[in-house]
>>> print(open('entry-v3.cif').read())   # mmCIF, C-alpha atoms
data_target
loop_
_atom_site.label_atom_id
_atom_site.label_comp_id
_atom_site.auth_asym_id
_atom_site.auth_seq_id
_atom_site.Cartn_x
_atom_site.Cartn_y
_atom_site.Cartn_z
CA MET T 7 4.80 -21.88 20.04
CA PRO T 8 3.63 -20.32 23.32
CA LYS T 9 1.54 -17.22 23.26
CA PRO T 10 3.69 -14.13 23.97
CA PRO T 11 2.34 -11.58 26.49
CA GLY T 12 -0.10 -9.11 24.96
CA SER T 13 -0.32 -11.00 21.70
CA PRO T 14 -3.03 -13.08 20.03
CA LEU T 15 -2.35 -16.75 19.39
CA ILE T 16 -0.59 -16.50 16.05
CA ARG T 17 -1.15 -19.31 13.55
CA ARG T 18 2.21 -19.89 11.95
CA SER T 19 3.45 -22.42 9.47
CA LEU T 20 6.10 -25.03 10.23
CA LEU T 21 8.36 -23.24 7.73
CA TYR T 22 7.97 -19.98 9.63
CA ASN T 23 8.83 -21.55 12.98
CA THR T 24 11.83 -23.39 11.53
CA LEU T 25 13.16 -20.24 9.86
CA SER T 26 12.61 -18.19 13.02
CA ARG T 27 14.53 -20.66 15.20
CA THR T 28 17.36 -20.89 12.66
CA LEU T 29 17.69 -17.11 12.40
CA HIS T 30 17.59 -16.81 16.18
CA ILE T 31 20.44 -19.32 16.56
CA LEU T 32 22.50 -17.57 13.89
CA GLY T 33 21.82 -14.19 15.44
CA THR T 34 22.67 -15.15 19.02
CA SER T 35 25.83 -16.95 17.91
CA ARG T 36 26.94 -13.80 16.00
CA LEU T 37 27.07 -15.76 12.74
CA MET T 38 24.51 -13.43 11.23
CA LYS T 39 24.65 -9.67 11.57
CA GLN T 40 21.62 -7.59 10.63
CA PRO T 41 22.63 -3.98 9.88
CA LEU T 42 19.66 -1.92 11.03
CA GLY T 43 21.50 1.40 11.13
CA ALA T 44 20.83 3.91 8.36
CA GLU T 45 24.47 4.43 7.34
CA PRO T 46 25.41 0.71 7.18
CA LEU T 47 22.34 0.05 5.01
CA ILE T 48 23.13 3.02 2.75
CA THR T 49 26.72 1.83 2.34
CA ALA T 50 25.57 -1.73 1.65
CA ALA T 51 23.13 -0.50 -1.02
CA GLN T 52 25.81 1.59 -2.72
CA ARG T 53 28.20 -1.34 -2.70
CA ARG T 54 25.66 -3.80 -4.09
CA ALA T 55 24.36 -1.41 -6.78
CA ARG T 56 27.89 -0.13 -7.56
CA LEU T 57 26.42 3.37 -7.53
CA ASP T 58 26.62 6.26 -5.08
CA ASP T 59 24.26 9.00 -6.37
CA PHE T 60 20.86 9.05 -4.65
CA GLY T 61 19.92 12.34 -6.31
CA ASP T 62 19.32 14.06 -2.98
CA ASP T 63 19.63 13.30 0.73
CA ALA T 64 16.04 14.08 1.72
CA PHE T 65 15.42 10.39 2.47
CA ARG T 66 18.06 10.18 5.21
CA GLU T 67 16.11 11.75 8.09
CA PRO T 68 12.91 9.72 7.40
CA LEU T 69 15.01 6.54 7.16
CA ARG T 70 16.74 7.29 10.45
CA ARG T 71 13.44 8.02 12.18
CA LEU T 72 11.91 4.84 10.79
CA LEU T 73 14.80 2.68 12.00
CA ASP T 74 14.87 4.38 15.42
CA SER T 75 11.17 3.75 15.86
CA CYS T 76 11.51 0.13 14.74
CA ALA T 77 14.34 -0.39 17.23
CA SER T 78 12.57 1.20 20.18
CA GLU T 79 8.92 0.27 19.58
CA ALA T 80 8.28 -2.47 17.04
CA ARG T 81 9.68 -5.41 19.07
CA LEU T 82 10.71 -7.16 15.88
CA ASN T 83 11.48 -10.86 15.94
CA THR T 84 14.35 -12.34 13.92
CA VAL T 85 12.16 -12.66 10.82
CA GLY T 86 11.07 -9.05 11.22
CA LYS T 87 14.63 -7.75 11.54
CA LEU T 88 15.75 -9.64 8.47
CA ALA T 89 12.69 -8.48 6.48
CA LEU T 90 13.17 -4.84 7.53
CA ALA T 91 16.83 -4.84 6.55
CA GLY T 92 16.10 -6.58 3.24
CA ASP T 93 13.25 -4.26 2.31
CA ILE T 94 15.17 -1.09 3.10
CA LEU T 95 18.21 -2.34 1.21
CA GLN T 96 16.09 -2.98 -1.90
CA LEU T 97 14.41 0.43 -1.64
CA LEU T 98 17.80 2.14 -1.44
CA ILE T 99 19.09 0.15 -4.41
CA ASN T 100 15.98 1.14 -6.36
CA ARG T 101 16.61 4.82 -5.59
CA LEU T 102 20.20 4.55 -6.81
CA ARG T 103 19.23 2.79 -10.02
CA ILE T 104 16.33 5.13 -10.77
CA GLN T 105 18.71 8.09 -10.42
CA ARG T 106 21.18 6.39 -12.76
CA ASP T 107 18.40 5.69 -15.27
CA ARG T 108 17.43 9.37 -15.37
CA HIS T 109 20.99 10.19 -16.42
CA THR T 110 21.16 7.32 -18.92
CA TRP T 111 17.79 8.18 -20.51
CA PRO T 112 17.26 11.95 -19.95
CA ARG T 113 13.87 11.84 -21.67
CA ILE T 114 12.45 10.08 -18.61
CA GLY T 115 12.37 13.48 -16.91
CA LYS T 116 10.34 14.95 -19.79
CA GLU T 117 7.48 12.46 -19.60
CA GLU T 118 4.13 14.18 -18.92
CA ILE T 119 1.73 12.55 -16.48
CA VAL T 120 -1.70 13.59 -17.76
CA ALA T 121 -4.99 13.49 -15.84
CA PRO T 122 -4.26 10.56 -13.52
CA VAL T 123 -7.17 8.78 -11.84
CA PHE T 124 -6.77 8.26 -8.10
CA ILE T 125 -8.94 5.67 -6.33
CA ILE T 126 -9.24 6.57 -2.66
CA GLY T 127 -11.29 5.41 0.27
CA MET T 128 -10.86 3.75 3.62
CA PRO T 129 -9.31 0.27 3.60
CA ARG T 130 -11.68 -2.58 2.73
CA THR T 131 -14.04 -0.37 0.70
CA GLY T 132 -13.49 -2.03 -2.68
CA THR T 133 -10.55 0.06 -3.87
CA THR T 134 -8.53 -3.05 -4.75
CA LEU T 135 -11.40 -4.54 -6.76
CA LEU T 136 -11.96 -1.28 -8.63
CA HIS T 137 -8.24 -0.94 -9.33
CA GLY T 138 -8.09 -4.47 -10.71
CA LEU T 139 -11.10 -3.93 -12.98
CA LEU T 140 -9.75 -0.73 -14.51
CA ALA T 141 -6.40 -2.44 -15.05
CA GLN T 142 -8.08 -4.66 -17.65
CA ASP T 143 -8.24 -1.73 -20.08
CA HIS T 144 -4.68 -1.77 -21.40
CA ASP T 145 -5.43 0.76 -24.16
CA ALA T 146 -6.93 3.52 -22.02
CA PHE T 147 -5.11 3.14 -18.69
CA SER T 148 -1.70 2.44 -17.23
CA VAL T 149 -1.68 0.68 -13.86
CA PRO T 150 1.56 0.04 -11.92
CA THR T 151 1.96 -3.66 -11.18
CA THR T 152 3.67 -5.19 -8.16
CA TRP T 153 6.75 -6.36 -10.05
CA GLU T 154 7.24 -2.93 -11.65
CA VAL T 155 7.12 -1.18 -8.27
CA MET T 156 9.23 -3.84 -6.54
CA PHE T 157 11.97 -3.82 -9.20
CA PRO T 158 11.52 -0.63 -11.29
CA SER T 159 14.94 -0.38 -12.92
CA PRO T 160 15.53 -0.32 -15.83
CA PRO T 161 12.24 1.25 -17.07
CA PRO T 162 9.73 -1.59 -17.67
CA SER T 163 9.43 -0.67 -21.37
CA LEU T 164 12.93 -2.09 -21.84
CA GLY T 165 11.76 -5.55 -20.84
CA GLN T 166 11.03 -7.27 -17.57
CA LYS T 167 14.42 -9.10 -17.61
CA GLY T 168 13.42 -11.80 -15.13
CA ARG T 169 11.92 -9.33 -12.69
CA ILE T 170 8.47 -10.93 -12.76
CA GLY T 171 10.07 -14.20 -11.67
CA ARG T 172 12.01 -12.46 -8.89
CA ALA T 173 8.83 -10.79 -7.65
CA LYS T 174 6.94 -14.10 -7.72
CA ARG T 175 9.65 -15.81 -5.69
CA ARG T 176 9.70 -13.00 -3.16
CA LEU T 177 5.93 -13.01 -2.78
CA GLY T 178 5.94 -16.81 -2.65
CA CYS T 179 8.26 -16.69 0.37
CA PHE T 180 5.96 -14.17 2.04
CA HIS T 181 2.90 -16.34 1.44
CA LEU T 182 4.71 -19.36 2.90
CA LEU T 183 5.53 -17.37 6.02
CA ALA T 184 2.04 -15.78 6.23
CA PRO T 185 -0.47 -18.16 4.59
CA GLU T 186 -3.42 -16.37 6.18
CA PHE T 187 -2.63 -12.99 4.62
CA ARG T 188 -3.90 -13.57 1.10
CA LYS T 189 -7.24 -14.69 2.50
CA ILE T 190 -7.61 -11.03 3.42
CA HIS T 191 -5.78 -9.16 0.66
CA PRO T 192 -4.73 -10.52 -2.77
CA VAL T 193 -1.10 -9.96 -3.72
CA SER T 194 0.53 -11.11 -6.95
CA ALA T 195 3.45 -10.02 -9.13
CA ASP T 196 1.17 -9.00 -12.00
CA LEU T 197 -1.67 -7.45 -9.99
CA PRO T 198 -1.93 -3.65 -9.48
CA GLN T 199 0.16 -2.18 -6.68
CA GLU T 200 -0.73 0.66 -4.31
CA CYS T 201 0.94 4.04 -4.20
CA ILE T 202 2.22 3.45 -0.65
CA ALA T 203 4.72 0.99 -2.14
CA ILE T 204 5.96 3.74 -4.48
CA MET T 205 6.10 6.25 -1.62
CA SER T 206 8.02 3.80 0.57
CA HIS T 207 11.13 4.71 -1.46
CA THR T 208 11.08 8.07 0.36
CA PHE T 209 10.73 6.29 3.74
CA MET T 210 7.68 8.50 4.35
CA SER T 211 4.91 5.98 3.80
CA ASP T 212 2.07 4.38 5.75
CA GLN T 213 3.30 1.04 4.45
CA PHE T 214 5.76 0.85 7.35
CA ALA T 215 3.13 1.63 9.98
CA ALA T 216 0.98 -1.16 8.58
CA MET T 217 3.84 -3.65 8.94
CA TYR T 218 5.27 -2.54 12.29
CA ASN T 219 3.97 -1.00 15.51
CA ILE T 220 5.84 2.32 15.30
CA PRO T 221 3.59 5.05 16.76
CA VAL T 222 6.39 7.62 17.18
CA TYR T 223 7.27 7.36 13.49
CA GLY T 224 3.57 7.41 12.55
CA SER T 225 2.93 10.55 14.59
CA TRP T 226 5.97 12.25 13.05
CA LEU T 227 4.85 11.28 9.54
CA GLN T 228 1.43 12.87 9.99
CA ARG T 229 3.06 16.23 10.73
CA GLN T 230 5.30 16.30 7.65
CA ASP T 231 5.02 18.28 4.43
CA MET T 232 4.26 15.56 1.88
CA ARG T 233 5.12 17.59 -1.23
CA PRO T 234 8.56 15.95 -1.62
CA VAL T 235 6.90 12.53 -1.37
CA TYR T 236 4.45 13.33 -4.14
CA GLY T 237 7.29 14.83 -6.16
CA PHE T 238 9.08 11.48 -6.00
CA HIS T 239 5.78 9.75 -6.81
CA SER T 240 5.52 11.82 -10.00
CA ARG T 241 9.10 10.99 -10.99
CA PHE T 242 8.41 7.31 -10.41
CA LEU T 243 5.43 7.48 -12.77
CA GLN T 244 7.65 9.13 -15.39
CA HIS T 245 9.99 6.17 -15.01
CA LEU T 246 7.18 3.66 -15.52
CA GLN T 247 5.75 5.56 -18.50
CA TYR T 248 9.05 5.99 -20.37
CA GLY T 249 9.01 4.14 -23.69
CA HIS T 250 5.28 3.43 -23.52
CA PRO T 251 2.42 5.33 -25.22
CA ALA T 252 1.15 7.91 -22.74
CA ARG T 253 -2.02 6.66 -21.07
CA ARG T 254 -3.92 7.81 -18.00
CA PHE T 255 -2.49 6.30 -14.86
CA VAL T 256 -4.97 4.66 -12.52
CA LEU T 257 -3.57 4.74 -8.99
CA LYS T 258 -4.86 3.97 -5.56
CA ALA T 259 -4.11 4.20 -1.85
CA PRO T 260 -6.20 5.11 1.19
CA VAL T 261 -3.44 7.47 2.35
CA HIS T 262 -4.31 9.94 -0.43
CA MET T 263 -7.33 10.91 1.67
CA LEU T 264 -4.93 12.58 4.11
CA CYS T 265 -2.98 14.47 1.42
CA LEU T 266 -5.69 15.65 -0.94
CA GLU T 267 -4.44 19.21 -1.37
CA THR T 268 -0.87 18.02 -1.98
CA LEU T 269 -2.13 15.48 -4.49
CA PHE T 270 -3.87 18.18 -6.54
CA THR T 271 -0.88 20.52 -6.23
CA THR T 272 1.27 17.79 -7.78
CA TYR T 273 -1.35 16.66 -10.31
CA PRO T 274 -3.67 19.65 -11.01
CA ASP T 275 -5.67 17.73 -13.64
CA ALA T 276 -6.17 14.64 -11.48
CA VAL T 277 -9.59 13.13 -10.81
CA VAL T 278 -10.60 11.13 -7.75
CA VAL T 279 -12.85 8.11 -7.40
CA GLN T 280 -13.91 7.77 -3.77
CA THR T 281 -15.31 4.50 -2.43
CA HIS T 282 -17.71 4.41 0.53
CA ARG T 283 -18.63 1.72 3.04
CA ASP T 284 -19.92 1.71 6.59
CA PRO T 285 -16.92 2.23 8.93
CA LEU T 286 -18.49 -0.23 11.36
CA GLU T 287 -17.97 -2.94 8.74
CA ILE T 288 -14.59 -1.68 7.60
CA LEU T 289 -12.69 -1.26 10.85
CA PRO T 290 -12.61 -4.84 12.18
CA SER T 291 -11.69 -6.13 8.71
CA ALA T 292 -8.88 -3.57 8.34
CA ALA T 293 -7.66 -4.31 11.87
CA SER T 294 -7.61 -8.00 11.02
CA LEU T 295 -5.42 -7.34 7.99
CA THR T 296 -2.98 -5.22 10.02
CA THR T 297 -2.84 -7.85 12.76
CA ALA T 298 -2.07 -10.59 10.24
CA LEU T 299 0.67 -8.48 8.63
CA ARG T 300 2.37 -7.33 11.83
CA SER T 301 2.29 -10.86 13.24
CA VAL T 302 4.80 -11.92 10.58
CA PHE T 303 7.38 -9.49 11.96
CA SER T 304 6.73 -9.45 15.71
CA ASP T 305 5.69 -11.90 18.41
CA PHE T 306 4.03 -9.12 20.40
CA VAL T 307 0.97 -7.93 18.49
CA ASP T 308 -1.95 -6.58 20.49
CA PRO T 309 -5.23 -6.51 18.49
CA ALA T 310 -6.80 -4.06 20.96
CA ILE T 311 -4.04 -1.51 20.35
CA ILE T 312 -4.47 -1.91 16.60
CA GLY T 313 -8.23 -1.47 16.93
CA ASN T 314 -7.87 1.69 19.02
CA ASP T 315 -5.22 3.22 16.74
CA MET T 316 -7.20 2.43 13.61
CA THR T 317 -10.39 3.94 15.01
CA LYS T 318 -8.61 7.16 15.93
CA PHE T 319 -6.67 7.40 12.67
CA TRP T 320 -9.65 6.94 10.36
CA GLY T 321 -11.99 8.93 12.55
CA ASP T 322 -9.66 11.92 12.28
CA ALA T 323 -9.20 11.32 8.54
CA LEU T 324 -12.95 11.28 7.84
CA ASP T 325 -13.34 14.49 9.84
CA LYS T 326 -10.67 16.33 7.83
CA PHE T 327 -11.24 14.92 4.36
CA PRO T 328 -14.60 16.64 3.59
CA VAL T 329 -13.07 20.05 4.33
CA ALA T 330 -10.24 19.41 1.86
CA ARG T 331 -12.63 18.00 -0.73
CA GLN T 332 -14.95 21.02 -0.56
CA SER T 333 -12.06 23.32 -1.45
CA LEU T 334 -11.61 21.49 -4.79
CA PRO T 335 -13.84 21.35 -7.89
CA SER T 336 -16.79 19.04 -7.33
CA ASN T 337 -16.51 17.67 -10.88
CA ALA T 338 -13.12 16.18 -9.98
CA PHE T 339 -14.81 13.55 -7.78
CA PHE T 340 -16.83 10.42 -8.50
CA ASP T 341 -18.41 8.46 -5.63
CA VAL T 342 -18.84 4.68 -5.52
CA GLU T 343 -20.81 2.81 -2.90
CA TYR T 344 -19.24 -0.51 -1.92
CA SER T 345 -22.52 -2.37 -2.00
CA ASP T 346 -23.14 -1.21 -5.59
CA LEU T 347 -19.65 -2.29 -6.62
CA VAL T 348 -20.11 -5.77 -5.14
CA ARG T 349 -23.63 -6.21 -6.50
CA ASN T 350 -23.07 -4.83 -10.00
CA PRO T 351 -19.36 -4.22 -10.72
CA ILE T 352 -19.78 -3.91 -14.50
CA GLY T 353 -22.56 -1.37 -14.06
CA VAL T 354 -20.37 0.71 -11.73
CA ILE T 355 -17.48 0.53 -14.20
CA ARG T 356 -19.74 1.60 -17.06
CA GLY T 357 -20.90 4.65 -15.10
CA LEU T 358 -17.31 5.51 -14.20
CA TYR T 359 -16.26 5.24 -17.84
CA ASN T 360 -19.03 7.63 -18.85
CA TRP T 361 -17.86 10.12 -16.24
CA LEU T 362 -14.24 9.82 -17.42
CA GLY T 363 -15.24 10.31 -21.05
CA HIS T 364 -14.18 6.83 -22.11
CA ASP T 365 -16.11 4.10 -23.90
CA LEU T 366 -16.38 0.70 -22.24
CA SER T 367 -15.74 -1.60 -25.17
CA ARG T 368 -17.11 -5.11 -25.39
CA ASP T 369 -13.57 -6.48 -25.29
CA VAL T 370 -12.73 -4.63 -22.05
CA GLU T 371 -16.02 -5.71 -20.50
CA LEU T 372 -15.22 -9.35 -21.28
CA ARG T 373 -11.76 -8.99 -19.74
CA ALA T 374 -13.32 -7.38 -16.65
CA ARG T 375 -15.77 -10.28 -16.32
CA ALA T 376 -12.89 -12.75 -16.72
CA PHE T 377 -11.01 -10.89 -13.98
CA LEU T 378 -14.00 -11.17 -11.66
CA SER T 379 -14.26 -14.90 -12.34
CA ALA T 380 -10.54 -15.41 -11.73
CA HIS T 381 -10.54 -13.41 -8.49
CA PRO T 382 -13.70 -14.31 -6.57
CA ASN T 383 -14.11 -13.13 -3.00
CA GLY T 384 -12.66 -15.76 -0.69
CA LYS T 385 -10.54 -17.38 -3.42
CA HIS T 386 -7.86 -18.35 -0.88
CA GLY T 387 -10.31 -19.04 1.94
CA ASN T 388 -12.34 -16.84 4.26
CA HIS T 389 -11.17 -15.07 7.37
CA SER T 390 -13.34 -14.22 10.34
CA TYR T 391 -13.16 -11.26 12.68
CA SER T 392 -15.30 -9.36 15.15
CA LEU T 393 -15.39 -5.96 16.81
CA GLY T 394 -14.64 -7.49 20.21
CA THR T 395 -11.41 -9.08 18.99
CA PHE T 396 -9.98 -5.59 18.51
CA GLY T 397 -11.47 -3.98 21.62
CA MET T 398 -14.08 -2.11 19.57
CA ASP T 399 -17.44 -1.17 21.02
CA LEU T 400 -20.38 -0.92 18.59
CA ALA T 401 -22.10 1.97 20.40
CA LYS T 402 -18.90 4.01 20.60
CA LEU T 403 -18.14 3.41 16.93
CA ARG T 404 -21.63 4.55 15.95
CA GLU T 405 -21.09 7.76 17.88
CA ARG T 406 -17.56 8.35 16.56
CA PHE T 407 -18.54 7.92 12.91
CA SER T 408 -22.05 9.37 13.10
CA SER T 409 -21.11 12.47 11.09
CA TYR T 410 -19.69 10.49 8.18
CA ARG T 411 -22.58 8.02 8.21
CA ALA T 412 -25.10 10.85 8.11
CA ARG T 413 -23.19 12.92 5.57
CA SER T 414 -22.59 10.12 3.07
CA ASN T 415 -26.28 9.36 2.48
CA LEU T 416 -25.45 5.65 2.22
CA THR T 417 -27.52 2.77 3.53
CA PHE T 418 -25.91 1.01 6.49
CA LYS T 419 -26.76 -2.31 8.12
CA SER T 420 -26.20 -1.36 11.75
#
>>> encode(input="entry-v3.cif", output="structure tokens")
Amino acid sequence: MPKPPGSPLIRRSLLYNTLSRTLHILGTSRLMKQPLGAEPLITAAQRRARLDDFGDDAFREPLRRLLDSCASEARLNTVGKLALAGDILQLLINRLRIQRDRHTWPRIGKEEIVAPVFIIGMPRTGTTLLHGLLAQDHDAFSVPTTWEVMFPSPPPSLGQKGRIGRAKRRLGCFHLLAPEFRKIHPVSADLPQECIAIMSHTFMSDQFAAMYNIPVYGSWLQRQDMRPVYGFHSRFLQHLQYGHPARRFVLKAPVHMLCLETLFTTYPDAVVVQTHRDPLEILPSAASLTTALRSVFSDFVDPAIIGNDMTKFWGDALDKFPVARQSLPSNAFFDVEYSDLVRNPIGVIRGLYNWLGHDLSRDVELRARAFLSAHPNGKHGNHSYSLGTFGMDLAKLRERFSSYRARSNLTFKS
């Protein structure tokens, strides 16, 4: 496949190229129509779910803005258009079914979400590893898994009803189309899932900006009041908890750094575990992940644009976050250095347990060690990246992130 203008040479599987050509033929011959308008997708979801009550209409404007931005900016290929339509359709169906479930089982709305633990930090700082380790303690913590977030209805306590298999098949297709992705970020039906996937049901989520180049939508999203999004997030957790013994949720997403005050307004008794790593190490790795993801859905992916956008986004976030954190109780935060987590993960977990007031049992420690053995770094192969690939300049990055590097009191390599 020739290299499109402004795009890196994308390594794609034979399956991907075959599917792309087939979809292109079907699309140009009008044999396949892809409804990317908000109202056609809403109608299709209602028809497929045989339901019509979304609970409220707050999602309609974000959905319209998302689709407008995708149409005007994202330059989606045929695979991208099909994936976008399919994902939105499933999210709308989930909303309909969750609303139905709250009527069918009214006690869902009475579930109390007590003292959740939020893992936050820039991408590639060990949040996924920490999330996976805490998920091994099934008695103390509740951790949303990918299949539960992908197909939440009916409440998981009523049985998975083939949903794990559906999630595995869906993820299997994604891995066939993007074999390089899991070298960078592990994804599995039974692994913990991030909060951005829960928030995507409101169509106000950074998940879309990671998948598609949609700066107008991204800029609009940063200006919005996120309280309705966190309200939906809380209702989603009630749904997952229904029928299970109440345990502390352990949740994670980098985006929580941008919404700290809203997070604590929604969950006043929450605690936060913040991971730290040198931004100069993080940014090219995070840009590599975004490039790999967007390249599934578009033939025009410019790594330099991704590098510039990511530098600005996280530079602004690290400037604002300390101000928000200082306005909250200091004992609500626990800091983890990435190098400590990689060097001595069990020691870090033990210290975190002490801070949370939990005991790290021998059984949980053994499960955590088994998890580490089963998920070694580079399990699916290693990926390489450099600052130059994404138009990043070392000296400029040092200057841009000098305040955070000095403030964090961490040891950096460069």
>>> atom_distance(input="entry-v3.cif", atom1="atom CA of Pro68 of chain T", atom2="atom CA of Phe209 of chain T")
5.5 Å
>>> closest_residue(input="entry-v3.cif", among="T:Ala276, T:Ile204, T:Leu403, T:Val235", to="Ala259 of chain T", atoms="only C-alpha atoms")
T:Ile204
>>> residues_around(input="entry-v3.cif", residues="segment 136-144 of chain T", least_positions_apart="5", cutoff="9 Å", atoms="only C-alpha atoms", output="ChimeraX atom specification")
/T:125,149-150,197-199,253,256-258,347,351-352,355,366,369-371,373-375,377-378
>>> atom_distance(input="entry-v3.cif", atom1="atom CA of Ser408 of chain T", atom2="atom CA of Gln228 of chain T")
23.9 Å
>>> resolve_selection(input="entry-v3.cif", expression="the PyMOL selection byres ((chain T and resi 90-105) around 10)", output="VMD selection string")
chain T and resid 40 to 44 46 to 62 65 69 73 76 82 84 to 89 106 to 110 155 to 161 203 to 204 206 to 209 214 217 to 218 241 to 242 245 303
>>> closest_residue(input="entry-v3.cif", among="T:Ala146, T:Ala184, T:Val193, T:Val222", to="Leu72 of chain T", atoms="all atoms listed in the file")
T:Val222
>>> residues_around(input="entry-v3.cif", residues="Ser345 of chain T", least_positions_apart="5", cutoff="9 Å", atoms="all atoms listed in the file", output="count of residues only")
3
>>> axis_aligned_box(input="entry-v3.cif", around="segment 328-342 of chain T", padding_each_side="8 Å", output="AutoDock Vina command-line options")
--center_x -14.5 --center_y 14.0 --center_z -3.3 --size_x 24.6 --size_y 34.6 --size_z 31.2
>>> closest_residue(input="entry-v3.cif", among="T:Asp145, T:Glu267, T:Asp275, T:Asp212", to="Ala121 of chain T", atoms="all atoms listed in the file")
T:Asp275
>>> closest_residue(input="entry-v3.cif", among="T:His181, T:His381, T:His250, T:Arg331", to="His262 of chain T", atoms="only C-alpha atoms")
T:Arg331
>>> residues_around(input="entry-v3.cif", residues="Leu362 of chain T", least_positions_apart="4", cutoff="9 Å", atoms="all atoms listed in the file", output="PyMOL selection string")
chain T and resi 277+357-358
>>> closest_residue(input="entry-v3.cif", among="T:Trp153, T:Tyr410, T:Phe255, T:Tyr248", to="Val123 of chain T", atoms="only C-alpha atoms")
T:Phe255
